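So this block is final-v5.txt, compact mmCIF, N, CA and C atoms:
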```txt
# COMPACT_ATOMS: atom_id res chain seq x y z
N ALA A 1 -2.65 -10.82 4.89
CA ALA A 1 -2.40 -11.20 6.26
C ALA A 1 -2.10 -12.69 6.36
N ALA A 2 -2.68 -13.48 5.47
CA ALA A 2 -2.46 -14.92 5.50
C ALA A 2 -1.00 -15.28 5.21
N HIS A 3 -0.26 -14.38 4.58
CA HIS A 3 1.15 -14.63 4.26
C HIS A 3 2.08 -13.78 5.11
N GLY A 4 1.60 -13.34 6.26
CA GLY A 4 2.44 -12.55 7.16
C GLY A 4 2.53 -11.09 6.80
N GLY A 5 1.65 -10.63 5.94
CA GLY A 5 1.66 -9.23 5.54
C GLY A 5 0.89 -8.34 6.51
N PHE A 6 1.24 -7.08 6.50
CA PHE A 6 0.53 -6.11 7.32
C PHE A 6 0.60 -4.74 6.65
N ILE A 7 -0.23 -3.83 7.13
CA ILE A 7 -0.31 -2.48 6.58
C ILE A 7 -0.12 -1.49 7.71
N GLU A 8 0.65 -0.44 7.45
CA GLU A 8 0.81 0.64 8.41
C GLU A 8 0.27 1.92 7.81
N LEU A 9 -0.47 2.66 8.59
CA LEU A 9 -0.91 4.00 8.19
C LEU A 9 0.24 4.93 8.50
N ILE A 10 0.81 5.54 7.49
CA ILE A 10 1.96 6.42 7.66
C ILE A 10 1.51 7.86 7.89
N ASP A 11 0.54 8.32 7.12
CA ASP A 11 0.12 9.71 7.23
C ASP A 11 -1.20 9.93 6.51
N VAL A 12 -1.87 10.99 6.87
CA VAL A 12 -3.04 11.49 6.15
C VAL A 12 -2.79 12.97 5.94
N LYS A 13 -2.72 13.38 4.68
CA LYS A 13 -2.52 14.79 4.34
C LYS A 13 -3.66 15.21 3.45
N ARG A 14 -4.33 16.27 3.89
CA ARG A 14 -5.58 16.69 3.25
C ARG A 14 -6.51 15.49 3.28
N ASN A 15 -6.86 14.96 2.14
CA ASN A 15 -7.70 13.75 2.16
C ASN A 15 -6.99 12.56 1.52
N ASN A 16 -5.67 12.64 1.41
CA ASN A 16 -4.88 11.54 0.86
C ASN A 16 -4.32 10.68 1.98
N VAL A 17 -4.32 9.37 1.76
CA VAL A 17 -3.87 8.40 2.76
C VAL A 17 -2.57 7.77 2.27
N TYR A 18 -1.58 7.72 3.14
CA TYR A 18 -0.27 7.15 2.82
C TYR A 18 -0.07 5.89 3.66
N LEU A 19 0.17 4.78 2.98
CA LEU A 19 0.31 3.48 3.63
C LEU A 19 1.67 2.87 3.34
N ARG A 20 2.09 1.97 4.21
CA ARG A 20 3.29 1.16 3.97
C ARG A 20 2.90 -0.29 4.19
N LEU A 21 3.23 -1.14 3.24
CA LEU A 21 2.96 -2.56 3.34
C LEU A 21 4.20 -3.25 3.87
N GLY A 22 4.03 -4.23 4.73
CA GLY A 22 5.17 -4.91 5.32
C GLY A 22 4.96 -6.41 5.38
N GLY A 23 5.93 -7.10 5.96
CA GLY A 23 5.87 -8.55 6.05
C GLY A 23 5.83 -9.16 4.66
N GLY A 24 4.93 -10.09 4.45
CA GLY A 24 4.80 -10.77 3.17
C GLY A 24 4.35 -9.86 2.03
N CYS A 25 3.81 -8.69 2.35
CA CYS A 25 3.34 -7.76 1.32
C CYS A 25 4.47 -6.93 0.72
N GLN A 26 5.56 -6.74 1.50
CA GLN A 26 6.67 -5.95 0.99
C GLN A 26 7.41 -6.76 -0.06
N GLY A 27 7.45 -6.25 -1.26
CA GLY A 27 8.13 -6.93 -2.34
C GLY A 27 7.29 -7.96 -3.07
N CYS A 28 6.05 -8.16 -2.65
CA CYS A 28 5.18 -9.13 -3.31
C CYS A 28 4.72 -8.58 -4.66
N GLY A 29 4.74 -9.41 -5.67
CA GLY A 29 4.30 -9.00 -7.00
C GLY A 29 2.82 -8.66 -7.06
N ALA A 30 2.04 -9.13 -6.10
CA ALA A 30 0.60 -8.87 -6.08
C ALA A 30 0.23 -7.73 -5.12
N ALA A 31 1.21 -7.01 -4.61
CA ALA A 31 0.94 -5.94 -3.64
C ALA A 31 0.02 -4.86 -4.23
N ASP A 32 0.22 -4.52 -5.49
CA ASP A 32 -0.62 -3.49 -6.12
C ASP A 32 -2.07 -3.95 -6.22
N VAL A 33 -2.26 -5.22 -6.55
CA VAL A 33 -3.61 -5.78 -6.64
C VAL A 33 -4.26 -5.79 -5.26
N THR A 34 -3.49 -6.19 -4.26
CA THR A 34 -3.99 -6.19 -2.88
C THR A 34 -4.40 -4.78 -2.47
N LEU A 35 -3.57 -3.80 -2.82
CA LEU A 35 -3.87 -2.42 -2.47
C LEU A 35 -5.14 -1.94 -3.17
N LYS A 36 -5.23 -2.14 -4.47
CA LYS A 36 -6.36 -1.61 -5.25
C LYS A 36 -7.67 -2.37 -5.02
N GLN A 37 -7.61 -3.69 -4.94
CA GLN A 37 -8.83 -4.47 -4.87
C GLN A 37 -9.25 -4.84 -3.46
N GLY A 38 -8.35 -4.71 -2.51
CA GLY A 38 -8.68 -5.09 -1.14
C GLY A 38 -8.65 -3.90 -0.19
N ILE A 39 -7.47 -3.37 0.02
CA ILE A 39 -7.27 -2.30 0.99
C ILE A 39 -8.05 -1.05 0.59
N GLU A 40 -7.90 -0.63 -0.66
CA GLU A 40 -8.57 0.59 -1.11
C GLU A 40 -10.09 0.46 -1.01
N LYS A 41 -10.64 -0.67 -1.40
CA LYS A 41 -12.09 -0.88 -1.30
C LYS A 41 -12.55 -0.80 0.15
N ALA A 42 -11.78 -1.39 1.06
CA ALA A 42 -12.15 -1.36 2.48
C ALA A 42 -12.12 0.06 3.03
N ILE A 43 -11.08 0.82 2.68
CA ILE A 43 -10.98 2.20 3.16
C ILE A 43 -12.12 3.04 2.59
N ARG A 44 -12.37 2.91 1.30
CA ARG A 44 -13.44 3.72 0.67
C ARG A 44 -14.82 3.31 1.18
N GLY A 45 -14.98 2.07 1.60
CA GLY A 45 -16.24 1.63 2.20
C GLY A 45 -16.51 2.34 3.52
N LEU A 46 -15.45 2.66 4.25
CA LEU A 46 -15.58 3.35 5.53
C LEU A 46 -15.52 4.87 5.39
N ALA A 47 -14.75 5.33 4.41
CA ALA A 47 -14.54 6.77 4.22
C ALA A 47 -14.58 7.08 2.73
N PRO A 48 -15.77 7.17 2.13
CA PRO A 48 -15.89 7.32 0.68
C PRO A 48 -15.31 8.61 0.10
N LEU A 49 -15.08 9.62 0.92
CA LEU A 49 -14.56 10.88 0.42
C LEU A 49 -13.04 10.96 0.44
N VAL A 50 -12.37 9.86 0.78
CA VAL A 50 -10.92 9.82 0.78
C VAL A 50 -10.43 10.06 -0.64
N GLY A 51 -9.35 10.82 -0.75
CA GLY A 51 -8.75 11.09 -2.06
C GLY A 51 -7.92 9.90 -2.51
N GLU A 52 -6.65 10.16 -2.77
CA GLU A 52 -5.77 9.08 -3.21
C GLU A 52 -5.34 8.21 -2.03
N ILE A 53 -5.11 6.95 -2.33
CA ILE A 53 -4.57 6.01 -1.35
C ILE A 53 -3.24 5.56 -1.94
N LEU A 54 -2.16 5.98 -1.29
CA LEU A 54 -0.83 5.84 -1.87
C LEU A 54 0.04 4.86 -1.09
N ASP A 55 0.74 4.02 -1.81
CA ASP A 55 1.66 3.04 -1.24
C ASP A 55 3.05 3.66 -1.18
N THR A 56 3.60 3.84 0.02
CA THR A 56 4.93 4.42 0.18
C THR A 56 6.00 3.35 0.39
N THR A 57 5.65 2.09 0.23
CA THR A 57 6.55 0.97 0.49
C THR A 57 7.70 0.93 -0.51
N ASP A 58 8.89 0.65 -0.02
CA ASP A 58 10.02 0.36 -0.90
C ASP A 58 9.98 -1.14 -1.16
N HIS A 59 9.37 -1.53 -2.26
CA HIS A 59 9.17 -2.95 -2.56
C HIS A 59 10.44 -3.64 -3.03
N THR A 60 11.50 -2.90 -3.27
CA THR A 60 12.76 -3.51 -3.67
C THR A 60 13.64 -3.83 -2.47
N ALA A 61 13.25 -3.37 -1.29
CA ALA A 61 14.03 -3.62 -0.08
C ALA A 61 13.54 -4.90 0.59
N GLY A 62 14.21 -5.29 1.64
CA GLY A 62 13.79 -6.45 2.40
C GLY A 62 14.64 -7.67 2.10
N ARG A 63 14.29 -8.77 2.71
CA ARG A 63 15.08 -10.00 2.60
C ARG A 63 15.02 -10.63 1.22
N SER A 64 13.83 -10.81 0.68
CA SER A 64 13.73 -11.46 -0.64
C SER A 64 12.53 -10.92 -1.40
N PRO A 65 12.60 -9.68 -1.85
CA PRO A 65 11.47 -9.13 -2.57
C PRO A 65 11.25 -9.84 -3.90
N ASP A 66 9.98 -10.06 -4.22
CA ASP A 66 9.63 -10.66 -5.51
C ASP A 66 9.46 -9.60 -6.58
N TYR A 67 9.46 -8.35 -6.16
CA TYR A 67 9.22 -7.23 -7.06
C TYR A 67 10.48 -6.89 -7.84
N ALA A 68 10.35 -6.69 -9.11
CA ALA A 68 11.46 -6.22 -9.93
C ALA A 68 10.99 -4.97 -10.66
N PRO A 69 11.58 -3.81 -10.37
CA PRO A 69 11.14 -2.59 -11.01
C PRO A 69 11.35 -2.63 -12.53
N SER A 70 10.44 -1.99 -13.26
CA SER A 70 10.59 -1.94 -14.72
C SER A 70 11.71 -0.97 -15.07
N LYS A 71 12.31 -1.19 -16.21
CA LYS A 71 13.44 -0.33 -16.62
C LYS A 71 13.01 0.69 -17.61
```
Could you quickly redo this structure as structure tokens?
Amino acid sequence: AAHGGFIELIDVKRNNVYLRLGGGCQGCGAADVTLKQGIEKAIRGLAPLVGEILDTTDHTAGRSPDYAPSK
């Protein structure tokens, strides 16, 4: 959030949560770390029985993504 990032809840199917990261988080090289060590911990703290927490963000899109997909 300090870099203009935000999270959108896209869907919940069964017990899986689908999120989209935006703003400074879209295309950020640390988005996966933010998801696993920050967002996921917060969600599991409130809802420990949640299944997978999945990032649906297209990190290669946007104005200047820092993310480069592996080949």
Got a sec: who's within 8 Å of stretch 40-52 of chain A, counting all atoms listed in the file, leaving out chain neighbours fewer than 6 positions off, as a list of chain:residue names?
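My list of contacting residues is A:Arg14, A:Asn15, A:Asn16, A:Val17, A:Tyr18, A:Val33, A:Thr34.
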Expected axis-aligned box over every listed atom of stretch 28-45 of chain A, 5 Å added per side, centre plus edges in Å to one decimal, as JSON:
```
{"center_x": -5.2, "center_y": -2.8, "center_z": -1.8, "size_x": 32.6, "size_y": 23.1, "size_z": 20.6}
```
I'd like the neighbourhood of A:Ile7 as an NGL selection string, where a residue qualifies if any of its atoms comes within 8 Å (using only C-alpha atoms), though same-chain residues fewer than 6 positions away should be ignored.
:A and (19-22)
Among stretch 3-62 of chain A, which ones does DSSP assign to helix (DSSP H, G or I) (computed from the backbone)? Answer as number ranges by chain.
A: 23-25, 31-46
Å distance separating atom C of A:Gln26 from atom CA of A:Lys13, one decimal place:
24.1 Å
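In this structure, atom N of A:Ala61 sits 6.5 Å away from atom N of A:Gly27.
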Could you tell me how far atom N of A:Thr60 sits from atom C of A:Cys28, in Å to one decimal place?
9.0 Å
Secondary structure check, strand (DSSP E) residues of chain A, as a ChimeraX atom specification:
/A:6-13,16-22,53-55
